[in-house]
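Engineer: So that you have it, the file is run16.txt, and it contains compact mmCIF, C-alpha atoms:
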```txt
# COMPACT_ATOMS: atom_id res chain seq x y z
CA MET A 1 23.65 5.31 -6.79
CA THR A 2 20.99 4.21 -9.29
CA SER A 3 18.07 1.82 -8.90
CA GLN A 4 20.05 -0.76 -10.89
CA SER A 5 23.29 -0.60 -8.90
CA ILE A 6 21.43 -0.90 -5.59
CA LEU A 7 20.83 -4.57 -6.44
CA ARG A 8 24.58 -5.15 -6.07
CA HIS A 9 23.97 -4.81 -2.35
CA PRO A 10 23.51 -8.53 -1.51
CA ASP A 11 21.21 -8.15 1.48
CA PHE A 12 19.07 -5.48 -0.15
CA ARG A 13 18.73 -7.89 -3.08
CA ARG A 14 17.40 -10.54 -0.65
CA LEU A 15 14.97 -7.99 0.84
CA TRP A 16 13.87 -7.01 -2.67
CA ILE A 17 13.24 -10.64 -3.75
CA ALA A 18 11.30 -11.39 -0.56
CA ASP A 19 9.19 -8.28 -1.06
CA LEU A 20 8.50 -9.19 -4.69
CA LEU A 21 7.27 -12.64 -3.71
CA SER A 22 5.05 -11.19 -1.02
CA GLN A 23 3.63 -8.55 -3.37
CA LEU A 24 2.82 -11.14 -6.04
CA GLY A 25 0.99 -13.34 -3.57
CA SER A 26 -0.91 -10.47 -1.99
CA ARG A 27 -2.21 -9.36 -5.39
CA LEU A 28 -3.47 -12.87 -6.07
CA SER A 29 -5.59 -12.76 -2.92
CA MET A 30 -6.68 -9.17 -3.52
CA ILE A 31 -8.62 -10.33 -6.57
CA ALA A 32 -9.30 -13.95 -5.51
CA ILE A 33 -10.97 -13.24 -2.15
CA PRO A 34 -13.73 -10.91 -3.41
CA LEU A 35 -14.29 -13.23 -6.39
CA LEU A 36 -14.57 -16.15 -3.96
CA ALA A 37 -17.16 -14.19 -1.97
CA VAL A 38 -19.17 -13.11 -5.04
CA LEU A 39 -19.06 -16.28 -7.15
CA THR A 40 -18.92 -19.06 -4.54
CA LEU A 41 -20.51 -17.62 -1.38
CA ASP A 42 -23.00 -15.31 -3.19
CA ALA A 43 -22.07 -12.33 -0.97
CA SER A 44 -23.93 -9.02 -1.19
CA THR A 45 -22.29 -5.68 -1.99
CA LEU A 46 -22.10 -4.78 1.71
CA GLN A 47 -20.71 -8.20 2.65
CA VAL A 48 -17.96 -7.89 0.03
CA SER A 49 -17.06 -4.40 1.27
CA LEU A 50 -16.75 -5.81 4.81
CA LEU A 51 -13.96 -8.13 3.61
CA ARG A 52 -11.76 -5.13 2.86
CA THR A 53 -12.82 -3.51 6.13
CA CYS A 54 -11.68 -6.55 8.12
CA GLU A 55 -8.40 -6.65 6.23
CA THR A 56 -7.48 -3.02 7.00
CA ALA A 57 -9.19 -2.40 10.38
CA ALA A 58 -5.98 -3.26 12.25
CA TRP A 59 -4.46 0.04 11.07
CA LEU A 60 -7.02 1.89 13.17
CA LEU A 61 -6.46 -0.32 16.22
CA LEU A 62 -2.72 -1.01 16.16
CA GLY A 63 -1.04 1.27 13.63
CA LEU A 64 0.30 3.83 16.10
CA PHE A 65 1.31 1.23 18.68
CA ALA A 66 3.18 -0.73 16.00
CA GLY A 67 5.33 2.29 15.18
CA ALA A 68 6.36 2.89 18.79
CA TRP A 69 7.06 -0.82 19.23
CA VAL A 70 9.14 -1.14 16.05
CA ASP A 71 11.33 1.80 17.14
CA ARG A 72 12.34 -0.28 20.18
CA ILE A 73 13.25 -3.56 18.47
CA ARG A 74 14.99 -5.05 15.45
CA CYS A 75 12.78 -5.10 12.34
CA LEU A 76 14.00 -8.23 10.54
CA PRO A 77 12.51 -10.82 12.96
CA VAL A 78 9.16 -9.01 12.75
CA LEU A 79 9.21 -9.32 8.97
CA VAL A 80 10.00 -13.05 9.09
CA TYR A 81 7.37 -14.01 11.68
CA ALA A 82 4.67 -11.84 10.10
CA ASP A 83 5.19 -13.62 6.77
CA LEU A 84 5.04 -17.06 8.42
CA GLY A 85 1.85 -16.14 10.26
CA ARG A 86 0.15 -14.90 7.11
CA ALA A 87 1.15 -18.06 5.24
CA LEU A 88 -0.49 -20.23 7.91
CA LEU A 89 -3.70 -18.16 8.05
CA PHE A 90 -4.25 -18.01 4.29
CA ALA A 91 -3.59 -21.76 4.03
CA THR A 92 -6.73 -22.41 6.09
CA ILE A 93 -8.96 -21.10 3.29
CA PRO A 94 -8.24 -23.78 0.65
CA VAL A 95 -8.31 -26.41 3.40
CA ALA A 96 -11.80 -25.30 4.50
CA ALA A 97 -12.95 -25.17 0.88
CA TRP A 98 -11.65 -28.71 0.33
CA PHE A 99 -13.81 -29.99 3.22
CA GLY A 100 -16.81 -27.92 2.14
CA VAL A 101 -16.99 -25.81 5.32
CA LEU A 102 -15.77 -22.45 4.01
CA SER A 103 -17.90 -19.47 5.07
CA LEU A 104 -17.87 -15.68 4.99
CA THR A 105 -17.24 -15.75 8.74
CA GLN A 106 -13.96 -17.59 8.20
CA LEU A 107 -12.92 -15.10 5.52
CA TYR A 108 -13.64 -12.21 7.90
CA VAL A 109 -11.59 -13.82 10.71
CA VAL A 110 -8.66 -14.71 8.46
CA LEU A 111 -8.53 -11.23 6.96
CA ALA A 112 -8.76 -9.56 10.38
CA LEU A 113 -5.86 -11.63 11.76
CA THR A 114 -3.69 -11.29 8.66
CA GLY A 115 -4.46 -7.56 8.81
CA VAL A 116 -2.79 -7.39 12.23
CA LEU A 117 0.30 -9.13 10.87
CA THR A 118 0.29 -6.87 7.81
CA VAL A 119 0.36 -3.77 10.02
CA LEU A 120 3.39 -5.09 11.89
CA PHE A 121 5.05 -6.15 8.65
CA ASP A 122 4.45 -2.90 6.79
CA VAL A 123 5.64 -0.63 9.62
CA ALA A 124 8.77 -2.75 10.11
CA HIS A 125 9.32 -2.93 6.35
CA SER A 126 9.27 0.86 5.89
CA THR A 127 11.49 1.34 8.97
CA TYR A 128 14.05 -1.31 7.98
CA PRO A 129 15.68 0.23 4.82
CA PRO A 130 17.33 3.14 6.73
CA ARG A 131 18.87 0.51 9.02
CA LEU A 132 20.16 -1.51 6.08
CA LEU A 133 21.14 1.20 3.54
CA ASP A 134 23.17 4.39 3.52
CA PRO A 135 21.23 7.68 3.11
CA ASP A 136 22.24 8.06 -0.56
CA GLN A 137 20.90 4.55 -1.24
CA LEU A 138 17.37 5.23 0.06
CA LEU A 139 15.82 6.77 -3.07
CA PRO A 140 17.04 4.03 -5.46
CA GLY A 141 16.19 1.42 -2.82
CA ASN A 142 12.66 2.75 -2.43
CA ALA A 143 12.32 2.90 -6.21
CA LYS A 144 13.21 -0.78 -6.47
CA LEU A 145 10.79 -1.73 -3.71
CA ALA A 146 8.10 0.37 -5.38
CA ALA A 147 8.79 -1.54 -8.59
CA ASN A 148 7.71 -4.66 -6.72
CA HIS A 149 4.34 -3.03 -6.09
CA SER A 150 4.14 -2.44 -9.83
CA VAL A 151 5.18 -5.92 -10.90
CA GLY A 152 3.01 -7.52 -8.22
CA ALA A 153 0.03 -5.42 -9.28
CA VAL A 154 0.41 -6.25 -12.96
CA ILE A 155 1.33 -9.93 -12.82
CA GLY A 156 -0.70 -10.70 -9.70
CA ALA A 157 -3.87 -9.09 -11.03
CA GLY A 158 -3.64 -10.88 -14.36
CA ALA A 159 -2.57 -14.21 -12.92
CA GLY A 160 -5.16 -13.93 -10.13
CA GLY A 161 -8.08 -13.61 -12.53
CA VAL A 162 -6.82 -16.39 -14.77
CA LEU A 163 -6.03 -18.74 -11.85
CA VAL A 164 -9.46 -18.16 -10.33
CA GLN A 165 -11.06 -19.11 -13.66
CA TRP A 166 -8.81 -22.18 -14.11
CA LEU A 167 -8.23 -23.49 -10.57
CA GLY A 168 -10.83 -21.75 -8.43
CA ALA A 169 -10.48 -18.88 -5.98
CA ALA A 170 -9.63 -21.05 -2.95
CA VAL A 171 -6.65 -22.72 -4.64
CA THR A 172 -5.42 -19.32 -5.82
CA ILE A 173 -5.43 -18.12 -2.21
CA GLY A 174 -3.36 -21.20 -1.34
CA VAL A 175 -0.72 -20.00 -3.82
CA ASP A 176 -0.64 -16.73 -1.88
CA ALA A 177 0.10 -18.70 1.31
CA LEU A 178 3.11 -20.30 -0.39
CA SER A 179 4.39 -16.89 -1.52
CA PHE A 180 4.50 -15.66 2.09
CA LEU A 181 6.42 -18.77 3.14
CA TRP A 182 8.98 -18.26 0.37
CA SER A 183 9.31 -14.59 1.29
CA ALA A 184 10.09 -15.52 4.91
CA LEU A 185 12.88 -17.85 3.76
CA TRP A 186 14.53 -15.05 1.74
CA LEU A 187 14.26 -12.59 4.63
CA ARG A 188 15.79 -15.18 6.95
CA SER A 189 18.85 -15.30 4.67
CA ILE A 190 19.79 -11.61 5.22
CA ARG A 191 23.19 -11.47 6.93
CA THR A 192 23.82 -7.76 7.67
CA PRO A 193 23.62 -7.30 11.47
CA GLU A 194 20.81 -5.01 12.55
CA ALA A 195 21.69 -2.99 15.60
CA GLN A 196 19.33 -3.12 18.55
CA PRO A 197 17.76 0.37 18.86
CA ALA A 198 18.77 2.30 21.95
CA LYS A 199 16.21 1.94 24.71
CA ALA A 200 14.67 4.98 26.31
CA ASP A 201 15.53 5.54 29.98
CA ARG A 202 11.84 5.39 30.90
CA PRO A 203 9.80 3.82 28.10
CA ASN A 204 6.39 5.44 27.81
CA LEU A 205 4.21 4.17 24.97
CA LYS A 206 1.74 7.07 25.03
CA ARG A 207 4.51 9.65 25.00
CA GLU A 208 6.35 7.91 22.18
CA ILE A 209 3.20 7.66 20.04
CA ALA A 210 2.44 11.33 20.74
CA GLU A 211 5.96 12.30 19.63
CA GLY A 212 5.43 10.63 16.25
CA MET A 213 2.02 12.23 15.75
CA ARG A 214 3.24 15.63 16.85
CA TYR A 215 6.17 15.47 14.43
CA VAL A 216 3.91 14.62 11.48
CA PHE A 217 1.14 17.13 12.22
CA SER A 218 3.50 20.00 13.06
CA HIS A 219 5.62 19.46 9.94
CA PRO A 220 4.59 21.76 7.05
CA LEU A 221 5.25 19.05 4.43
CA LEU A 222 4.29 15.85 6.22
CA ARG A 223 0.94 17.20 7.46
CA PRO A 224 -0.59 18.08 4.05
CA MET A 225 0.92 14.92 2.59
CA ALA A 226 -0.73 12.81 5.30
CA LEU A 227 -4.14 14.51 4.96
CA ASN A 228 -4.10 14.21 1.18
CA THR A 229 -3.14 10.54 1.35
CA ALA A 230 -5.87 9.84 3.92
CA THR A 231 -8.51 11.44 1.69
CA THR A 232 -7.30 9.55 -1.36
CA MET A 233 -7.21 6.26 0.54
CA LEU A 234 -10.70 6.81 1.96
CA PHE A 235 -12.31 7.15 -1.46
CA GLN A 236 -9.99 4.70 -3.21
CA ALA A 237 -11.11 2.10 -0.66
CA ALA A 238 -14.75 3.08 -1.23
CA ALA A 239 -14.40 2.46 -4.96
CA GLY A 240 -12.20 -0.62 -4.53
CA ALA A 241 -14.67 -2.27 -2.15
CA ILE A 242 -17.36 -2.41 -4.85
CA MET A 243 -15.32 -2.55 -8.06
CA ILE A 244 -15.20 -6.34 -8.41
CA VAL A 245 -18.95 -6.52 -7.72
CA TYR A 246 -19.56 -3.81 -10.35
CA LEU A 247 -17.41 -5.52 -12.99
CA VAL A 248 -19.03 -8.92 -12.41
CA ARG A 249 -22.68 -7.95 -11.94
CA GLU A 250 -23.12 -4.78 -14.02
CA VAL A 251 -20.35 -4.90 -16.65
CA HIS A 252 -20.74 -8.73 -16.88
CA LEU A 253 -17.04 -9.62 -17.07
CA GLN A 254 -15.54 -13.05 -16.35
CA PRO A 255 -12.75 -13.41 -13.70
CA GLY A 256 -10.11 -14.03 -16.37
CA THR A 257 -11.15 -10.92 -18.29
CA ILE A 258 -11.03 -8.80 -15.13
CA GLY A 259 -7.53 -10.08 -14.42
CA VAL A 260 -6.25 -9.43 -17.93
CA LEU A 261 -7.72 -5.91 -18.08
CA SER A 262 -6.25 -5.10 -14.68
CA MET A 263 -2.88 -6.43 -15.80
CA ILE A 264 -2.89 -4.22 -18.89
CA GLY A 265 -4.00 -1.17 -16.96
CA LEU A 266 -1.45 -1.58 -14.17
CA GLY A 267 1.37 -1.48 -16.71
CA GLY A 268 1.57 2.22 -15.86
CA ALA A 269 2.91 1.25 -12.45
CA ILE A 270 5.87 -0.58 -13.99
CA VAL A 271 6.68 2.43 -16.16
CA ALA A 272 6.49 4.72 -13.12
CA SER A 273 8.95 2.68 -11.08
CA GLY A 274 11.51 3.03 -13.86
CA VAL A 275 11.13 6.75 -14.60
CA THR A 276 10.32 8.39 -11.25
CA GLU A 277 13.97 9.20 -10.50
CA LYS A 278 14.42 10.85 -13.90
CA ILE A 279 11.20 12.86 -13.64
CA SER A 280 12.03 13.92 -10.10
CA ASN A 281 15.54 15.03 -11.06
CA ARG A 282 14.25 17.04 -14.00
CA TYR A 283 11.17 18.71 -12.53
CA GLY A 284 11.80 18.51 -8.79
CA ASP A 285 10.41 16.02 -6.29
CA ALA A 286 7.92 18.43 -4.69
CA ARG A 287 6.43 19.48 -8.02
CA THR A 288 6.32 15.88 -9.27
CA LEU A 289 4.56 14.76 -6.10
CA LEU A 290 1.93 17.48 -6.48
CA LEU A 291 1.16 16.62 -10.11
CA SER A 292 1.12 12.86 -9.61
CA SER A 293 -1.24 13.17 -6.66
CA THR A 294 -3.61 15.16 -8.86
CA GLY A 295 -3.33 12.43 -11.48
CA ILE A 296 -4.60 9.86 -8.97
CA GLY A 297 -7.81 11.84 -8.46
CA VAL A 298 -8.28 12.20 -12.21
CA ALA A 299 -7.76 8.46 -12.68
CA PHE A 300 -10.39 7.46 -10.14
CA THR A 301 -12.85 9.87 -11.72
CA LEU A 302 -12.25 8.31 -15.16
CA GLN A 303 -12.85 4.88 -13.63
CA ALA A 304 -16.51 5.84 -13.17
CA LEU A 305 -16.91 5.93 -16.98
CA THR A 306 -16.50 2.13 -17.13
CA ALA A 307 -19.57 0.45 -18.65
CA PRO A 308 -20.40 -2.59 -20.85
CA GLY A 309 -19.07 -2.71 -24.40
CA TRP A 310 -16.30 -0.42 -25.65
CA GLN A 311 -16.57 1.70 -22.48
CA VAL A 312 -14.70 -1.06 -20.63
CA SER A 313 -11.63 0.67 -22.12
CA TRP A 314 -12.12 3.45 -19.56
CA TYR A 315 -11.27 0.91 -16.86
CA VAL A 316 -7.95 0.19 -18.58
CA VAL A 317 -7.18 3.90 -19.07
CA SER A 318 -7.99 4.73 -15.46
CA MET A 319 -5.88 1.84 -14.17
CA LEU A 320 -2.94 2.90 -16.35
CA LEU A 321 -3.03 6.46 -15.03
CA ALA A 322 -3.71 5.46 -11.43
CA GLY A 323 -0.94 2.84 -11.44
CA PHE A 324 1.59 5.32 -12.79
CA CYS A 325 0.69 8.15 -10.41
CA ILE A 326 0.32 6.00 -7.29
CA ILE A 327 3.82 4.57 -7.67
CA VAL A 328 5.35 8.01 -8.31
CA CYS A 329 3.61 9.34 -5.19
CA TYR A 330 4.66 6.33 -3.13
CA ILE A 331 8.34 6.65 -3.98
CA LEU A 332 8.45 10.39 -3.35
CA GLN A 333 6.37 10.29 -0.17
CA VAL A 334 8.45 7.55 1.43
CA SER A 335 11.73 9.19 0.41
CA THR A 336 10.54 12.58 1.70
CA ARG A 337 9.55 11.09 5.04
CA GLN A 338 12.79 9.19 5.45
CA ARG A 339 14.78 12.29 4.51
CA VAL A 340 13.15 14.75 6.93
CA CYS A 341 12.59 12.36 9.85
CA PRO A 342 15.25 11.81 12.57
CA PRO A 343 16.42 8.16 12.83
CA GLU A 344 14.96 7.68 16.31
CA LEU A 345 11.49 8.64 15.03
CA GLN A 346 11.44 6.64 11.79
CA GLY A 347 9.15 3.87 13.06
CA ARG A 348 6.71 6.20 14.80
CA VAL A 349 6.51 8.66 11.93
CA SER A 350 6.09 5.78 9.47
CA ALA A 351 3.33 4.34 11.63
CA THR A 352 1.61 7.72 11.98
CA MET A 353 1.62 8.24 8.21
CA SER A 354 0.37 4.69 7.67
CA PHE A 355 -2.26 5.07 10.41
CA VAL A 356 -3.64 8.25 8.84
CA SER A 357 -3.73 6.75 5.34
CA TRP A 358 -4.45 3.04 5.88
CA GLY A 359 -6.68 3.82 8.85
CA ALA A 360 -8.98 5.49 6.34
CA ALA A 361 -9.23 2.27 4.30
CA PRO A 362 -11.67 0.31 6.51
CA LEU A 363 -13.84 3.42 6.84
CA GLY A 364 -13.73 3.84 3.06
CA SER A 365 -14.70 0.21 2.49
CA LEU A 366 -17.71 0.60 4.76
CA LEU A 367 -18.57 3.87 3.03
CA GLY A 368 -18.36 2.21 -0.39
CA GLY A 369 -20.62 -0.63 0.68
CA ALA A 370 -23.15 1.75 2.23
CA LEU A 371 -23.18 4.12 -0.75
CA GLY A 372 -23.36 1.23 -3.21
CA THR A 373 -26.35 -0.21 -1.37
CA ALA A 374 -28.12 3.16 -1.06
CA PHE A 375 -27.34 4.85 -4.40
CA GLY A 376 -26.06 2.09 -6.68
CA LEU A 377 -22.60 0.97 -7.70
CA HIS A 378 -22.14 3.37 -10.64
CA ALA A 379 -23.11 6.47 -8.65
CA THR A 380 -20.71 5.42 -5.89
CA LEU A 381 -17.80 5.29 -8.34
CA TRP A 382 -18.54 8.88 -9.41
CA ILE A 383 -18.75 10.09 -5.81
CA ALA A 384 -15.48 8.39 -4.87
CA GLY A 385 -13.58 9.68 -7.92
CA LEU A 386 -14.61 13.32 -7.55
CA ALA A 387 -13.99 13.30 -3.79
CA ALA A 388 -10.48 11.86 -4.27
CA LEU A 389 -9.74 14.60 -6.80
CA ALA A 390 -10.94 17.29 -4.36
CA GLY A 391 -8.56 15.94 -1.70
CA ASN A 392 -5.62 17.48 -3.56
CA ALA A 393 -6.56 20.83 -2.02
CA PHE A 394 -4.47 19.81 1.01
CA LEU A 395 -1.33 19.88 -1.17
CA TYR A 396 -2.22 22.90 -3.28
CA PHE A 397 -2.77 25.02 -0.15
CA SER A 398 0.60 24.05 1.35
CA PRO A 399 4.31 24.75 0.73
CA PHE A 400 4.24 22.08 -2.01
CA ARG A 401 2.49 24.64 -4.22
CA THR A 402 5.58 26.86 -4.43
CA LEU A 403 8.40 24.38 -3.92
CA ARG A 404 10.34 22.67 -6.69
CA THR A 405 12.23 20.25 -4.48
CA VAL A 406 11.83 19.20 -0.86
CA PRO A 407 14.33 21.16 1.31
CA ALA A 408 15.63 20.36 4.76
CA THR A 409 12.91 20.56 7.42
CA GLN A 410 14.15 23.77 8.95
CA GLN A 411 14.17 25.51 5.56
CA VAL A 412 10.39 25.29 5.09
CA ASP A 413 8.48 28.36 6.17
CA GLN A 414 6.11 27.19 8.91
CA SER A 415 3.70 29.98 8.04
CA GLU A 416 3.04 28.33 4.68
CA ALA A 417 1.57 25.24 6.31
CA ILE A 418 -2.08 24.64 5.77
```
Please, can you express the file's structure as structure tokens?

Structural biologist:
Amino acid sequence: MTSQSILRHPDFRRLWIADLLSQLGSRLSMIAIPLLAVLTLDASTLQVSLLRTCETAAWLLLGLFAGAWVDRIRCLPVLVYADLGRALLFATIPVAAWFGVLSLTQLYVVLALTGVLTVLFDVAHSTYPPRLLDPDQLLPGNAKLAANHSVGAVIGAGAGGVLVQWLGAAVTIGVDALSFLWSALWLRSIRTPEAQPAKADRPNLKREIAEGMRYVFSHPLLRPMALNTATTMLFQAAAGAIMIVYLVREVHLQPGTIGVLSMIGLGGAIVASGVTEKISNRYGDARTLLLSSTGIGVAFTLQALTAPGWQVSWYVVSMLLAGFCIIVCYILQVSTRQRVCPPELQGRVSATMSFVSWGAAPLGSLLGGALGTAFGLHATLWIAGLAALAGNAFLYFSPFRTLRTVPATQQVDQSEAI
């Protein structure tokens, strides 16, 4: 089955539309919230970095528990209620701005609470496709969902900057609230029955979490993949936490210009979602994953070359390369995990992988704010880019170095693990 024919599956099409709406809205807020903090609330570099920390801190606190919980229940209701909750929370921001009482404290609280709902949503969302699709439909299904990341990144980034300049950041965040509401309505329309997962004879949360972690960190492919992703996410978050501040205060760009440049650069993500299957089939998924992960590190290093004048073009080049490579990695990592993981462990393994990677994000945001304050924004971008590139050692000193394609779990030589 191809990524085009998968849309003939009516309920996957509803899932895909809901995900697209959610991705578009999330990208609006991703650019609107830091701009709101910088331009309206006059936040410092460290205060802006704390916004991203609040948004992702829930992965450290709840990520592993969410996986064990999702393995016990149906995923679809979680997706619906998480979207409704995020719609309500984000709607409070334009309301507070309208009455002139908006503060950084409110932004921190809203992002912390929506972060909890995002953890539940994301774990359930990555666990749900194997319950909805047949095994041979997973790769094209994941490719289509990854395309939403691409489209959301490109359109949302561009529209976010323009809407902030035209309507203001608070109203733009209100549009995000509406996108979550619309997403929930599409998810609610899915008709395929989702079976209730079999309950363990004696449920034990600690044991179930430990099973997921043990599976990931004893697996010769999942372990290096998780460690590489965590390193990349740590330093990507460090750079991302200060990037808007750098573009506004040192490169002197307007919100609309930031949005347009981001939209152009993220075009690489759209290309990636359409060609990953072909590249993987031709060169092998393991080899493609290794090279695309290296490309992410190179892209973040190039991002540090961004400066006023013609050197702004380095921002576009780095975003093009990063967008392409991130989507390729995402598709192949998710498909690899779903392929090698037993059905009864899907939620816990998904949560473990997300905990290791997204759990690094709040730490990276704090690191970016601290480094930016201590050494300057430009130096921090160089540190983050080179460190992300070095993180590929986890993959190069693993079975991925010699594999062309990902085999069955039992076919990987355990002695080759890092």

Engineer: Have a look at A:Gly347, A:Arg191, A:Leu61, A:Ala238 and name the one nearest to Ile383 (chain A); count all atoms listed in the file.

Structural biologist: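 Among A:Gly347, A:Arg191, A:Leu61, A:Ala238, it is A:Ala238 that comes nearest to Ile383 (chain A).
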
Engineer: Using 10 Å as the limit and counting all atoms listed in the file, can you tabulate each residue of region 143-188 of chain A that touches region 245-263 of chain A, with its shortest atom-to-atom distance in Å and the two atoms involved, as CSV?

Structural biologist:
```
residue,atom,partner,partner_atom,distance
A:Val151,CA,A:Met263,CA,9.4
A:Gly152,CA,A:Met263,CA,9.7
A:Ala153,CA,A:Met263,CA,7.2
A:Val154,CA,A:Met263,CA,4.3
A:Ile155,CA,A:Met263,CA,6.2
A:Gly156,CA,A:Met263,CA,7.8
A:Ala157,CA,A:Gly259,CA,5.1
A:Gly158,CA,A:Gly259,CA,4.0
A:Ala159,CA,A:Gly259,CA,6.6
A:Gly160,CA,A:Gly259,CA,6.2
A:Gly161,CA,A:Gly259,CA,4.0
A:Val162,CA,A:Gly256,CA,4.4
A:Leu163,CA,A:Gly256,CA,7.7
A:Val164,CA,A:Pro255,CA,6.7
A:Gln165,CA,A:Gly256,CA,5.8
A:Trp166,CA,A:Gly256,CA,8.6
A:Ala169,CA,A:Pro255,CA,9.7
```

Engineer: Taking C-alpha atoms for each residue, export the selection above as a PDB file, in the frame of the given file.

Structural biologist:
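The resulting file, out_12.pdb, is shown below:
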```pdb
ATOM      1  CA  VAL A 151       5.180  -5.920 -10.900  1.00  0.00           C
ATOM      2  CA  GLY A 152       3.010  -7.520  -8.220  1.00  0.00           C
ATOM      3  CA  ALA A 153       0.030  -5.420  -9.280  1.00  0.00           C
ATOM      4  CA  VAL A 154       0.410  -6.250 -12.960  1.00  0.00           C
ATOM      5  CA  ILE A 155       1.330  -9.930 -12.820  1.00  0.00           C
ATOM      6  CA  GLY A 156      -0.700 -10.700  -9.700  1.00  0.00           C
ATOM      7  CA  ALA A 157      -3.870  -9.090 -11.030  1.00  0.00           C
ATOM      8  CA  GLY A 158      -3.640 -10.880 -14.360  1.00  0.00           C
ATOM      9  CA  ALA A 159      -2.570 -14.210 -12.920  1.00  0.00           C
ATOM     10  CA  GLY A 160      -5.160 -13.930 -10.130  1.00  0.00           C
ATOM     11  CA  GLY A 161      -8.080 -13.610 -12.530  1.00  0.00           C
ATOM     12  CA  VAL A 162      -6.820 -16.390 -14.770  1.00  0.00           C
ATOM     13  CA  LEU A 163      -6.030 -18.740 -11.850  1.00  0.00           C
ATOM     14  CA  VAL A 164      -9.460 -18.160 -10.330  1.00  0.00           C
ATOM     15  CA  GLN A 165     -11.060 -19.110 -13.660  1.00  0.00           C
ATOM     16  CA  TRP A 166      -8.810 -22.180 -14.110  1.00  0.00           C
ATOM     17  CA  ALA A 169     -10.480 -18.880  -5.980  1.00  0.00           C
TER      18      ALA A 169
END
```

Engineer: Take every atom of region 58-75 of chain A listed in the file, fit an axis-aligned box around them, add 3 Å per side, and give the centre and edge lengths in Å to one decimal as lines of an AutoDock Vina configuration file.

Structural biologist:
```
center_x = 4.0
center_y = -0.6
center_z = 15.6
size_x = 28.0
size_y = 14.9
size_z = 15.1
```

Engineer: Find the residues near Ala66 (chain A): any atom within 9 Å, counting all atoms listed in the file, skip ones fewer than 4 places away on the same chain, and give them as a list in words.

Structural biologist: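 Residues near the query, excluding close chain neighbours: Leu62, Val70, Asp71, Val119, Leu120, Val123, Ala124, Gly347, Arg348 and Ala351 of chain A.
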
Engineer: Please write the residues from the selection above to a file, keeping C-alpha atoms, as a PDB file, in the frame of the given file.

Structural biologist:
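Result saved to again-v6.pdb:
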```
ATOM      1  CA  LEU A  62      -2.720  -1.010  16.160  1.00  0.00           C
ATOM      2  CA  VAL A  70       9.140  -1.140  16.050  1.00  0.00           C
ATOM      3  CA  ASP A  71      11.330   1.800  17.140  1.00  0.00           C
ATOM      4  CA  VAL A 119       0.360  -3.770  10.020  1.00  0.00           C
ATOM      5  CA  LEU A 120       3.390  -5.090  11.890  1.00  0.00           C
ATOM      6  CA  VAL A 123       5.640  -0.630   9.620  1.00  0.00           C
ATOM      7  CA  ALA A 124       8.770  -2.750  10.110  1.00  0.00           C
ATOM      8  CA  GLY A 347       9.150   3.870  13.060  1.00  0.00           C
ATOM      9  CA  ARG A 348       6.710   6.200  14.800  1.00  0.00           C
ATOM     10  CA  ALA A 351       3.330   4.340  11.630  1.00  0.00           C
TER      11      ALA A 351
END
```

Engineer: For region 213-319 of chain A versus region 34-53 of chain A, which residues have an atom no more than 7 Å away, and what is each residue's nearest atom pair and distance in Å rounded to one decimal, using all atoms listed in the file, chain-then-number order, as a tab-separated table?

Structural biologist:
```
residue	atom	partner	partner_atom	distance
A:Ala241	CA	A:Ser49	CA	4.7
A:Ile242	CA	A:Ser49	CA	6.4
A:Ile244	CA	A:Pro34	CA	6.9
A:Val245	CA	A:Thr45	CA	6.7
```

Engineer: With distances taken over all atoms listed in the file, which residue among A:Glu55, A:Thr105, A:Lys144, A:Ser29 lies nearest Arg13 (chain A)?

Structural biologist: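 Distance minimum relative to Arg13 (chain A) lands on A:Lys144.
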
Engineer: Quick one: of A:Ala57, A:Thr352, A:Ala68, A:His378, who's nearest to Phe217 (chain A), counting all atoms listed in the file?

Structural biologist: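 Of A:Ala57, A:Thr352, A:Ala68, A:His378, the one nearest Phe217 (chain A), counting all atoms listed in the file, is A:Thr352.
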
Engineer: So how far away is CA of Leu79 (chain A) from CA of Asp122 (chain A), in Å?

Structural biologist: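 CA of Asp122 (chain A) sits 8.3 Å away from CA of Leu79 (chain A).
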
Engineer: Just how far from CA of Tyr283 (chain A) is CA of Leu321 (chain A), in Å to one decimal?

Structural biologist: 18.9 Å

Engineer: I'd like to know which of A:Ala87, A:Leu15, A:Leu320, A:Ala286 is closest to Arg404 (chain A), using only C-alpha atoms.

Structural biologist: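 Comparing A:Ala87, A:Leu15, A:Leu320, A:Ala286 against Arg404 (chain A), the winner is A:Ala286.
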
Engineer: Kindly give the distance, in Å, that separates CA of Arg74 (chain A) and CA of Leu345 (chain A), rounded to a single decimal.

Structural biologist: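 Rounded to one decimal, the two atoms are 14.1 Å apart.
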
Engineer: Find the residues around Leu20 (chain A) up to 10 Å (all atoms listed in the file counted), leave out those fewer than 5 positions away in its own chain, and share them as a PyMOL selection string.

Structural biologist: chain A and resi 14-15+25-26+144-152+179+183

Engineer: Would you list the contacts of Glu194 (chain A) as a PyMOL selection string, taking every protein, DNA or RNA residue within 10 Å and counting only C-alpha atoms, but skipping same-chain residues closer than 4 positions in sequence?

Structural biologist: chain A and resi 73-76+128+131-132+190

Engineer: Nearest residue to Leu377 (chain A) out of A:Ala195, A:Leu305, A:Leu185, A:Gly168, using all atoms listed in the file?

Structural biologist: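 Closest residue, counting all atoms listed in the file: A:Leu305.
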
Engineer: Identify which of the residues A:Trp358, A:Thr192, A:Pro140, A:Arg223 lies closest to Thr276 (chain A), counting only C-alpha atoms when measuring atom-to-atom distances.

Structural biologist: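 That would be A:Pro140, the residue with the smallest distance to Thr276 (chain A).
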